[in-house]
$ cat query_12.cif   # mmCIF, C-alpha atoms
data_data
loop_
_atom_site.label_atom_id
_atom_site.label_comp_id
_atom_site.auth_asym_id
_atom_site.auth_seq_id
_atom_site.Cartn_x
_atom_site.Cartn_y
_atom_site.Cartn_z
CA MET H 1 23.48 -2.64 17.69
CA LYS H 2 20.81 -4.73 16.03
CA TRP H 3 18.19 -1.98 16.18
CA ILE H 4 20.23 0.14 13.78
CA LYS H 5 19.22 -1.08 10.34
CA GLY H 6 20.89 -0.40 7.01
CA PHE H 7 17.82 1.49 5.84
CA HIS H 8 18.05 3.83 8.86
CA ILE H 9 21.73 4.52 8.22
CA VAL H 10 21.09 5.41 4.59
CA LYS H 11 18.15 7.65 5.47
CA ALA H 12 20.11 9.41 8.25
CA PHE H 13 23.00 10.05 5.85
CA LYS H 14 20.58 11.34 3.23
CA ILE H 15 18.99 13.77 5.68
CA ALA H 16 22.34 15.07 6.94
CA LEU H 17 23.75 15.50 3.43
CA ALA H 18 20.69 17.36 2.16
CA ALA H 19 20.67 19.69 5.18
CA VAL H 20 24.38 20.51 4.79
CA LEU H 21 24.00 21.24 1.06
CA SER H 22 21.01 23.44 1.79
CA ILE H 23 22.84 25.46 4.47
CA LEU H 24 25.95 25.85 2.30
CA THR H 25 23.86 27.09 -0.61
CA ALA H 26 22.04 29.58 1.61
CA ASN H 27 25.40 30.86 2.88
CA LEU H 28 26.73 31.21 -0.67
CA LEU H 29 23.66 33.30 -1.52
CA GLY H 30 24.39 35.51 1.48
CA LEU H 31 21.07 34.73 3.16
CA LYS H 32 20.37 35.48 6.81
CA TYR H 33 19.32 32.57 9.04
CA ALA H 34 20.94 30.08 6.63
CA VAL H 35 20.52 27.23 9.13
CA THR H 36 16.76 27.55 8.65
CA ALA H 37 17.19 26.32 5.08
CA GLY H 38 18.67 23.11 6.45
CA ILE H 39 15.75 22.68 8.85
CA ILE H 40 13.30 23.20 5.98
CA THR H 41 15.15 20.52 4.00
CA VAL H 42 14.92 18.05 6.88
CA LEU H 43 11.20 18.68 7.26
CA SER H 44 10.68 18.31 3.50
CA ILE H 45 12.14 14.81 3.23
CA GLN H 46 9.42 12.17 3.17
CA ASN H 47 9.40 8.40 2.57
CA THR H 48 8.27 8.58 -1.07
CA LYS H 49 8.49 10.96 -4.02
CA ARG H 50 4.78 11.63 -4.05
CA GLU H 51 4.70 12.41 -0.35
CA THR H 52 7.67 14.77 -0.75
CA LEU H 53 6.10 16.66 -3.66
CA LYS H 54 2.72 16.85 -1.95
CA THR H 55 4.30 18.19 1.24
CA ALA H 56 6.30 20.78 -0.73
CA ARG H 57 3.17 21.94 -2.57
CA ASN H 58 1.14 22.27 0.64
CA ARG H 59 3.88 24.16 2.44
CA GLY H 60 4.38 26.46 -0.55
CA LEU H 61 0.71 27.42 -0.65
CA ALA H 62 0.68 27.82 3.11
CA PHE H 63 3.80 30.01 2.98
CA LEU H 64 2.15 32.43 0.55
CA CYS H 65 -0.82 32.71 2.91
CA ALA H 66 1.53 33.14 5.87
CA LEU H 67 3.29 36.07 4.19
CA VAL H 68 0.00 37.87 3.57
CA MET H 69 -1.24 37.25 7.13
CA ALA H 70 2.08 38.28 8.68
CA PHE H 71 2.27 41.46 6.60
CA LEU H 72 -1.20 42.50 7.77
CA CYS H 73 -0.49 41.68 11.43
CA TYR H 74 2.90 43.40 11.54
CA THR H 75 1.63 46.43 9.60
CA LEU H 76 -1.46 46.93 11.76
CA LEU H 77 -0.05 45.95 15.18
CA GLY H 78 3.67 46.59 14.80
CA TYR H 79 6.57 44.22 15.27
CA ARG H 80 5.43 42.86 18.60
CA VAL H 81 5.07 39.39 20.04
CA SER H 82 1.32 39.96 20.25
CA ALA H 83 1.20 40.51 16.49
CA PHE H 84 3.05 37.23 15.92
CA ILE H 85 0.65 35.41 18.27
CA ILE H 86 -2.39 36.73 16.41
CA TYR H 87 -0.79 35.77 13.08
CA LEU H 88 -0.03 32.29 14.44
CA PHE H 89 -3.62 31.77 15.61
CA PHE H 90 -5.17 32.59 12.25
CA PHE H 91 -2.46 30.79 10.27
CA ALA H 92 -2.80 27.62 12.35
CA LEU H 93 -6.58 27.79 11.93
CA LEU H 94 -6.18 28.07 8.15
CA CYS H 95 -3.65 25.21 7.90
CA LEU H 96 -5.67 22.84 10.06
CA SER H 97 -8.79 23.57 8.02
CA ALA H 98 -6.98 23.12 4.69
CA GLY H 99 -5.08 19.97 5.70
CA TRP H 100 -1.72 21.77 5.75
CA GLY H 101 -0.89 20.95 9.36
CA GLU H 102 2.70 20.03 8.49
CA ALA H 103 3.32 23.64 7.31
CA ILE H 104 2.51 25.43 10.58
CA ALA H 105 5.87 25.05 12.32
CA MET H 106 8.15 25.43 9.30
CA ASP H 107 6.45 28.47 7.76
CA SER H 108 6.07 30.16 11.14
CA VAL H 109 9.83 29.91 11.76
CA LEU H 110 10.33 31.92 8.57
CA ILE H 111 7.70 34.45 9.61
CA SER H 112 9.40 34.87 13.01
CA HIS H 113 12.45 36.27 11.22
CA PHE H 114 10.48 39.40 10.30
CA LEU H 115 9.79 39.91 13.99
CA SER H 116 13.46 39.44 14.89
CA GLU H 117 14.59 41.87 12.20
CA GLN H 118 11.73 44.33 12.82
CA ASP H 119 11.51 44.61 9.05
CA PHE H 120 9.16 43.45 6.25
CA GLY H 121 10.98 45.17 3.43
CA ALA H 122 11.69 43.74 -0.02
CA LYS H 123 15.20 42.56 0.94
CA MET H 124 13.94 40.63 3.95
CA LEU H 125 11.03 39.22 1.97
CA ILE H 126 13.38 37.92 -0.72
CA ASN H 127 15.61 36.42 1.98
CA GLU H 128 12.75 34.37 3.43
CA VAL H 129 11.44 33.28 0.05
CA LEU H 130 14.92 32.08 -0.96
CA LEU H 131 15.32 30.22 2.33
CA PHE H 132 12.08 28.41 1.59
CA VAL H 133 13.02 27.67 -2.03
CA VAL H 134 16.54 26.43 -1.22
CA GLY H 135 15.40 24.26 1.67
CA THR H 136 12.51 22.74 -0.26
CA PHE H 137 14.62 22.23 -3.39
CA PHE H 138 17.20 20.07 -1.63
CA GLY H 139 14.48 18.17 0.18
CA ILE H 140 12.95 17.23 -3.17
CA LEU H 141 16.32 16.66 -4.87
CA ILE H 142 17.56 14.18 -2.29
CA ASN H 143 14.42 12.07 -2.76
CA LEU H 144 14.58 11.92 -6.57
CA HIS H 145 16.94 8.92 -6.38
CA LEU H 146 14.23 6.75 -4.83
CA ARG H 147 13.39 3.80 -7.05
CA LYS H 148 10.71 1.18 -7.10
CA LYS H 149 11.73 -1.85 -5.07
CA GLU H 150 10.64 -4.32 -7.73
CA VAL H 151 12.86 -7.10 -6.43
CA GLU H 152 11.42 -6.72 -2.93
CA PHE H 153 7.86 -6.80 -4.24
CA ASP H 154 8.62 -9.86 -6.34
CA ARG H 155 9.97 -11.63 -3.25
CA LEU H 156 7.04 -10.66 -1.04
CA SER H 157 4.39 -11.44 -3.64
CA ARG H 158 5.92 -14.87 -4.27
CA GLN H 159 5.66 -15.55 -0.56
CA VAL H 160 1.95 -14.76 -0.87
CA ASP H 161 1.69 -17.11 -3.86
CA ASP H 162 3.48 -19.91 -2.02
CA GLU H 163 1.19 -19.53 0.99
CA ILE H 164 -1.94 -19.70 -1.20
CA ARG H 165 -0.57 -22.70 -3.05
CA GLY H 166 -0.02 -24.43 0.28
CA ILE H 167 -3.56 -23.60 1.42
CA VAL H 168 -5.04 -25.09 -1.76
CA HIS H 169 -2.91 -28.23 -1.32
CA ARG H 170 -4.07 -28.68 2.29
CA MET H 171 -7.66 -28.24 1.17
CA SER H 172 -7.20 -31.08 -1.30
CA GLU H 173 -5.82 -33.31 1.45
CA ASN H 174 -8.51 -32.51 4.01
CA LEU H 175 -11.35 -32.95 1.53
CA ARG H 176 -10.36 -36.61 1.39
CA ARG H 177 -10.74 -37.01 5.16
CA ALA H 178 -14.00 -37.21 7.10
CA ASP H 179 -12.13 -36.34 10.31
CA LYS H 180 -10.98 -32.71 10.10
CA THR H 181 -9.22 -32.76 13.48
CA GLY H 182 -6.02 -30.76 13.25
CA TYR H 183 -7.16 -28.77 10.21
CA SER H 184 -6.82 -25.23 11.61
CA SER H 185 -7.09 -21.75 10.09
CA ASP H 186 -3.60 -20.67 11.21
CA CYS H 187 -2.48 -20.58 7.59
CA PHE H 188 -4.80 -17.67 6.90
CA VAL H 189 -3.12 -15.59 9.61
CA ARG H 190 0.23 -16.16 7.93
CA LEU H 191 -1.29 -15.34 4.55
CA GLU H 192 -2.78 -12.07 5.80
CA ASP H 193 0.60 -11.03 7.24
CA LYS H 194 2.34 -11.72 3.93
CA ILE H 195 -0.36 -9.92 1.94
CA CYS H 196 -0.05 -6.90 4.24
CA ALA H 197 3.75 -6.74 3.74
CA ALA H 198 3.42 -7.07 -0.04
CA LYS H 199 0.68 -4.43 -0.16
CA GLU H 200 2.83 -1.94 1.78
CA CYS H 201 5.70 -2.53 -0.64
CA ALA H 202 3.40 -2.13 -3.66
CA LEU H 203 2.04 1.13 -2.27
CA ARG H 204 5.56 2.49 -1.66
CA ASN H 205 6.53 1.55 -5.19
CA TRP H 206 3.45 3.28 -6.58
CA ASN H 207 4.23 6.45 -4.61
CA ASN H 208 7.83 6.39 -5.86
CA THR H 209 6.78 6.29 -9.52
CA LEU H 210 5.98 9.68 -11.03
CA TRP H 211 6.06 8.75 -14.70
CA SER H 212 4.98 5.63 -16.63
CA GLN H 213 2.94 4.69 -13.61
CA THR H 214 1.17 1.34 -13.48
CA SER H 215 -1.05 -0.14 -10.81
CA TYR H 216 -0.01 -3.72 -11.68
CA GLU H 217 1.51 -4.46 -8.27
CA LEU H 218 -1.41 -3.00 -6.32
CA ASP H 219 -3.93 -4.82 -8.53
CA TYR H 220 -2.00 -8.06 -8.16
CA ILE H 221 -2.09 -7.90 -4.38
CA ARG H 222 -5.76 -6.89 -4.37
CA MET H 223 -6.48 -9.93 -6.52
CA ARG H 224 -4.64 -12.24 -4.12
CA GLU H 225 -6.35 -10.52 -1.18
CA ASN H 226 -9.78 -11.20 -2.70
CA GLN H 227 -8.75 -14.78 -3.44
CA SER H 228 -7.75 -15.25 0.18
CA ARG H 229 -11.26 -14.24 1.29
CA VAL H 230 -12.74 -16.80 -1.09
CA LEU H 231 -10.40 -19.48 0.26
CA ARG H 232 -11.49 -18.64 3.79
CA ASN H 233 -15.10 -19.30 2.76
CA ILE H 234 -14.05 -22.61 1.23
CA TYR H 235 -12.19 -23.57 4.42
CA ASP H 236 -15.33 -22.91 6.47
CA SER H 237 -17.26 -25.26 4.17
CA ILE H 238 -14.66 -28.01 4.28
CA VAL H 239 -14.51 -28.16 8.09
CA LEU H 240 -18.31 -28.61 8.16
CA MET H 241 -18.14 -31.61 5.82
CA LYS H 242 -18.43 -34.73 8.00
CA MET H 243 -19.41 -37.15 5.22
CA LEU H 244 -17.57 -37.94 1.99
CA PRO H 245 -19.97 -38.57 -0.92
CA VAL H 246 -18.58 -40.06 -4.13
CA GLN H 247 -18.27 -36.58 -5.66
CA THR H 248 -15.70 -35.59 -3.04
CA MET H 249 -12.67 -37.24 -4.66
CA PRO H 250 -13.04 -35.53 -8.07
CA VAL H 251 -13.37 -32.19 -6.28
CA ALA H 252 -10.26 -32.94 -4.20
CA ASP H 253 -8.41 -33.88 -7.40
CA PHE H 254 -9.48 -30.57 -8.90
CA PHE H 255 -7.96 -28.69 -5.96
CA GLU H 256 -4.74 -30.56 -6.57
CA GLU H 257 -4.86 -29.61 -10.25
CA ILE H 258 -5.28 -25.94 -9.33
CA GLN H 259 -2.28 -26.21 -7.03
CA MET H 260 -0.18 -27.81 -9.79
CA GLN H 261 -1.11 -25.11 -12.34
CA TYR H 262 -0.69 -22.22 -9.91
CA HIS H 263 1.57 -19.65 -11.56
CA ARG H 264 1.28 -15.96 -12.41
CA GLU H 265 0.91 -16.12 -16.16
CA ASN H 266 -1.80 -18.80 -16.19
CA ASP H 267 -5.12 -17.29 -17.31
CA VAL H 268 -6.88 -20.40 -15.84
CA GLU H 269 -9.20 -20.66 -18.86
CA GLY H 270 -8.68 -24.44 -18.96
CA LEU H 271 -9.44 -24.77 -15.26
CA LEU H 272 -12.62 -22.72 -15.62
CA GLU H 273 -13.79 -24.95 -18.47
CA ARG H 274 -13.06 -28.07 -16.42
CA LEU H 275 -14.94 -26.59 -13.46
CA GLN H 276 -17.97 -25.78 -15.59
CA LYS H 277 -18.12 -29.41 -16.76
CA MET H 278 -17.89 -30.65 -13.17
CA LEU H 279 -20.79 -28.41 -12.14
CA ALA H 280 -22.89 -29.62 -15.08
CA GLU H 281 -22.13 -33.27 -14.27
CA MET H 282 -22.97 -32.75 -10.61
CA LYS H 283 -26.40 -31.39 -11.55
CA GLN H 284 -27.11 -34.52 -13.66
CA GLU H 285 -26.36 -37.00 -10.88
CA LYS H 286 -29.15 -38.70 -8.92
CA LEU H 287 -30.51 -37.01 -5.81
CA PRO H 288 -28.98 -37.69 -2.37
CA GLU H 289 -30.41 -40.63 -0.43
CA SER H 290 -29.95 -39.17 3.07
CA ARG H 291 -29.87 -35.84 4.84
CA GLU H 292 -26.16 -36.22 5.58
CA GLU H 293 -25.38 -36.84 1.92
CA PHE H 294 -27.57 -33.89 0.90
CA GLU H 295 -25.72 -31.55 3.26
CA ALA H 296 -22.31 -32.83 2.15
CA ARG H 297 -23.13 -32.46 -1.54
CA ALA H 298 -24.55 -29.00 -0.93
CA LEU H 299 -21.26 -28.00 0.71
CA LEU H 300 -19.34 -29.50 -2.21
CA PHE H 301 -21.44 -27.57 -4.70
CA TYR H 302 -20.92 -24.36 -2.72
CA THR H 303 -17.19 -25.09 -2.64
CA LEU H 304 -17.10 -25.41 -6.43
CA MET H 305 -19.00 -22.14 -6.82
CA GLN H 306 -16.45 -20.44 -4.58
CA LEU H 307 -13.64 -22.01 -6.59
CA ARG H 308 -15.16 -20.51 -9.72
CA GLU H 309 -14.96 -17.06 -8.13
CA PHE H 310 -11.39 -17.82 -7.05
CA LEU H 311 -10.41 -18.65 -10.64
CA ARG H 312 -12.36 -15.79 -12.18
CA LEU H 313 -10.48 -13.29 -10.04
CA LYS H 314 -7.22 -14.57 -11.51
CA ASN H 315 -8.66 -14.75 -15.04
CA ARG H 316 -9.81 -11.11 -14.97
CA PHE H 317 -6.43 -9.95 -13.68
CA VAL H 318 -4.42 -11.84 -16.33
CA ILE H 319 -6.67 -10.58 -19.14
CA LYS H 320 -6.33 -6.99 -17.92
CA TYR H 321 -2.53 -7.10 -18.04
CA LYS H 322 -2.08 -9.48 -20.95
CA GLY H 323 0.68 -8.22 -23.23
CA ASP H 324 1.98 -5.63 -20.73
#
$ encode --input "query_12.cif" --output "structure tokens"
Amino acid sequence: MKWIKGFHIVKAFKIALAAVLSILTANLLGLKYAVTAGIITVLSIQNTKRETLKTARNRGLAFLCALVMAFLCYTLLGYRVSAFIIYLFFFALLCLSAGWGEAIAMDSVLISHFLSEQDFGAKMLINEVLLFVVGTFFGILINLHLRKKEVEFDRLSRQVDDEIRGIVHRMSENLRRADKTGYSSDCFVRLEDKICAAKECALRNWNNTLWSQTSYELDYIRMRENQSRVLRNIYDSIVLMKMLPVQTMPVADFFEEIQMQYHRENDVEGLLERLQKMLAEMKQEKLPESREEFEARALLFYTLMQLREFLRLKNRFVIKYKGD
């Protein structure tokens, strides 16, 4: 069955194994309602380490509040369903207000055991606390093996790089043509899809790193994302260019040079210097002789200014992580 993916099989096995270990441990400790420990483990497993730890913290704080609320309700109203309902109302209100919504069901299952046993004594209290600790412990333990998917990010980010390189190359080609028929923006849709996939991977990697954390991957994708917006502005300028003044070919050649030097470690200092010279030379040239030439040269100048921002984004990123 094609819909069953390897990732789903691994995750299902992980959930089942953690739940079994949790239940067996609870049985070895002689705890009542041992199966509940397995349910707590299942509910504790999240997609990343950070999510798992955050969920465990929230449910732990909520559980302490639930114990206090349940003790007051059962003590004042007796071990009745009405007491549990009143507890549940105030506990749900607290959790929803504090952002602990995921704790309502799990912690309330533990609290319901006091009602079933008609007892809130020390032995029963210890039983419920241990159920919570055992279940949460195995939920966290099973997720500690999660690792950053550096190879996956490298693959996805290189797809982004290749797409941008292709966009720059097509810009060079279409700058040389007065007729822009067939020059569509479909490439930007593909680029956005690839950036989105790489960003999701980078975010998962960041959430699965608890120590020696770096935001390199997230910053890299943000840089490419910002560059893609700049390229979209350049595209809009190119499609408006109906005339090719003499300055067009050097600009098209510069696009080709950017495409040839496009790699991760390049700080683009040389390209920025070359661009600055081109801008200075363009300012020294004689004024346009017609409105069409004026508009075309204005679009070219705007394109070069956008290219400067495109290169500066890369320059700032490389400088930030130089030597890392």
$ resolve_selection --input "query_12.cif" --expression "the PyMOL selection byres ((chain H and resi 300) around 9)" --output "NGL selection string"
:H and (237-238 or 241 or 247-248 or 251 or 295-299 or 301-305)
$ resolve_selection --input "query_12.cif" --expression "the PyMOL selection byres ((chain H and resi 84) around 9)" --output "PyMOL selection string"
chain H and resi 70+73-74+79-83+85-89+111-112+115
$ resolve_selection --input "query_12.cif" --expression "the PyMOL selection byres ((chain H and resi 263) around 12)" --output "list in words"
Ser157, Arg158, Val160, Asp161, Asp162, Ile164, Arg165, Glu257, Ile258, Gln259, Met260, Gln261, Tyr262, Arg264, Glu265, Asn266, Asp267, Val268, Lys314, Asn315 and Val318 of chain H
$ closest_residue --input "query_12.cif" --among "H:Trp100, H:Phe188, H:Phe90, H:Tyr33" --to "H:Gly60" --atoms "all atoms listed in the file"
H:Trp100
$ closest_residue --input "query_12.cif" --among "H:Leu279, H:Leu76, H:Met106, H:Leu287" --to "H:Thr136" --atoms "only C-alpha atoms"
H:Met106
$ residues_around --input "query_12.cif" --residues "H:Ile39" --least-positions-apart "6" --cutoff "9 Å" --atoms "only C-alpha atoms" --output "VMD selection string"
chain H and resid 19 22 to 23 106 135
$ write_last_selection --input "query_12.cif" --atoms "C-alpha atoms" --output "compact mmCIF listing (two decimals), in the coordinates of the input"
# COMPACT_ATOMS: atom_id res chain seq x y z
CA ALA H 19 20.67 19.69 5.18
CA SER H 22 21.01 23.44 1.79
CA ILE H 23 22.84 25.46 4.47
CA MET H 106 8.15 25.43 9.30
CA GLY H 135 15.40 24.26 1.67
$ atom_distance --input "query_12.cif" --atom1 "atom CA of H:Leu24" --atom2 "atom CA of H:Asp119"
24.6 Å
$ atom_distance --input "query_12.cif" --atom1 "atom CA of H:Leu64" --atom2 "atom CA of H:Asn27"
23.4 Å
$ residues_near_point --input "query_12.cif" --point "(-0.3, -22.9, 3.7)" --cutoff "9 Å" --atoms "all atoms listed in the file" --output "JSON, numbers by chain"
{"H": [162, 163, 164, 165, 166, 167, 168, 169, 170, 186, 187, 188, 190, 191]}
$ residues_around --input "query_12.cif" --residues "H:Lys277" --least-positions-apart "6" --cutoff "12 Å" --atoms "only C-alpha atoms" --output "list in words"
Pro250, Val251, Phe254, Gly270, Leu271, Lys283, Gln284, Leu304 and Arg308 of chain H
$ atom_distance --input "query_12.cif" --atom1 "atom CA of H:Leu141" --atom2 "atom CA of H:Gly99"
24.1 Å
$ closest_residue --input "query_12.cif" --among "H:Val35, H:Leu313, H:Met171, H:Ile126" --to "H:Val20" --atoms "all atoms listed in the file"
H:Val35
$ closest_residue --input "query_12.cif" --among "H:Val239, H:Ala197, H:Ala202, H:Val230" --to "H:Arg177" --atoms "all atoms listed in the file"
H:Val239
$ closest_residue --input "query_12.cif" --among "H:Arg204, H:Arg229, H:Lys322, H:Arg312" --to "H:Phe153" --atoms "all atoms listed in the file"
H:Arg204
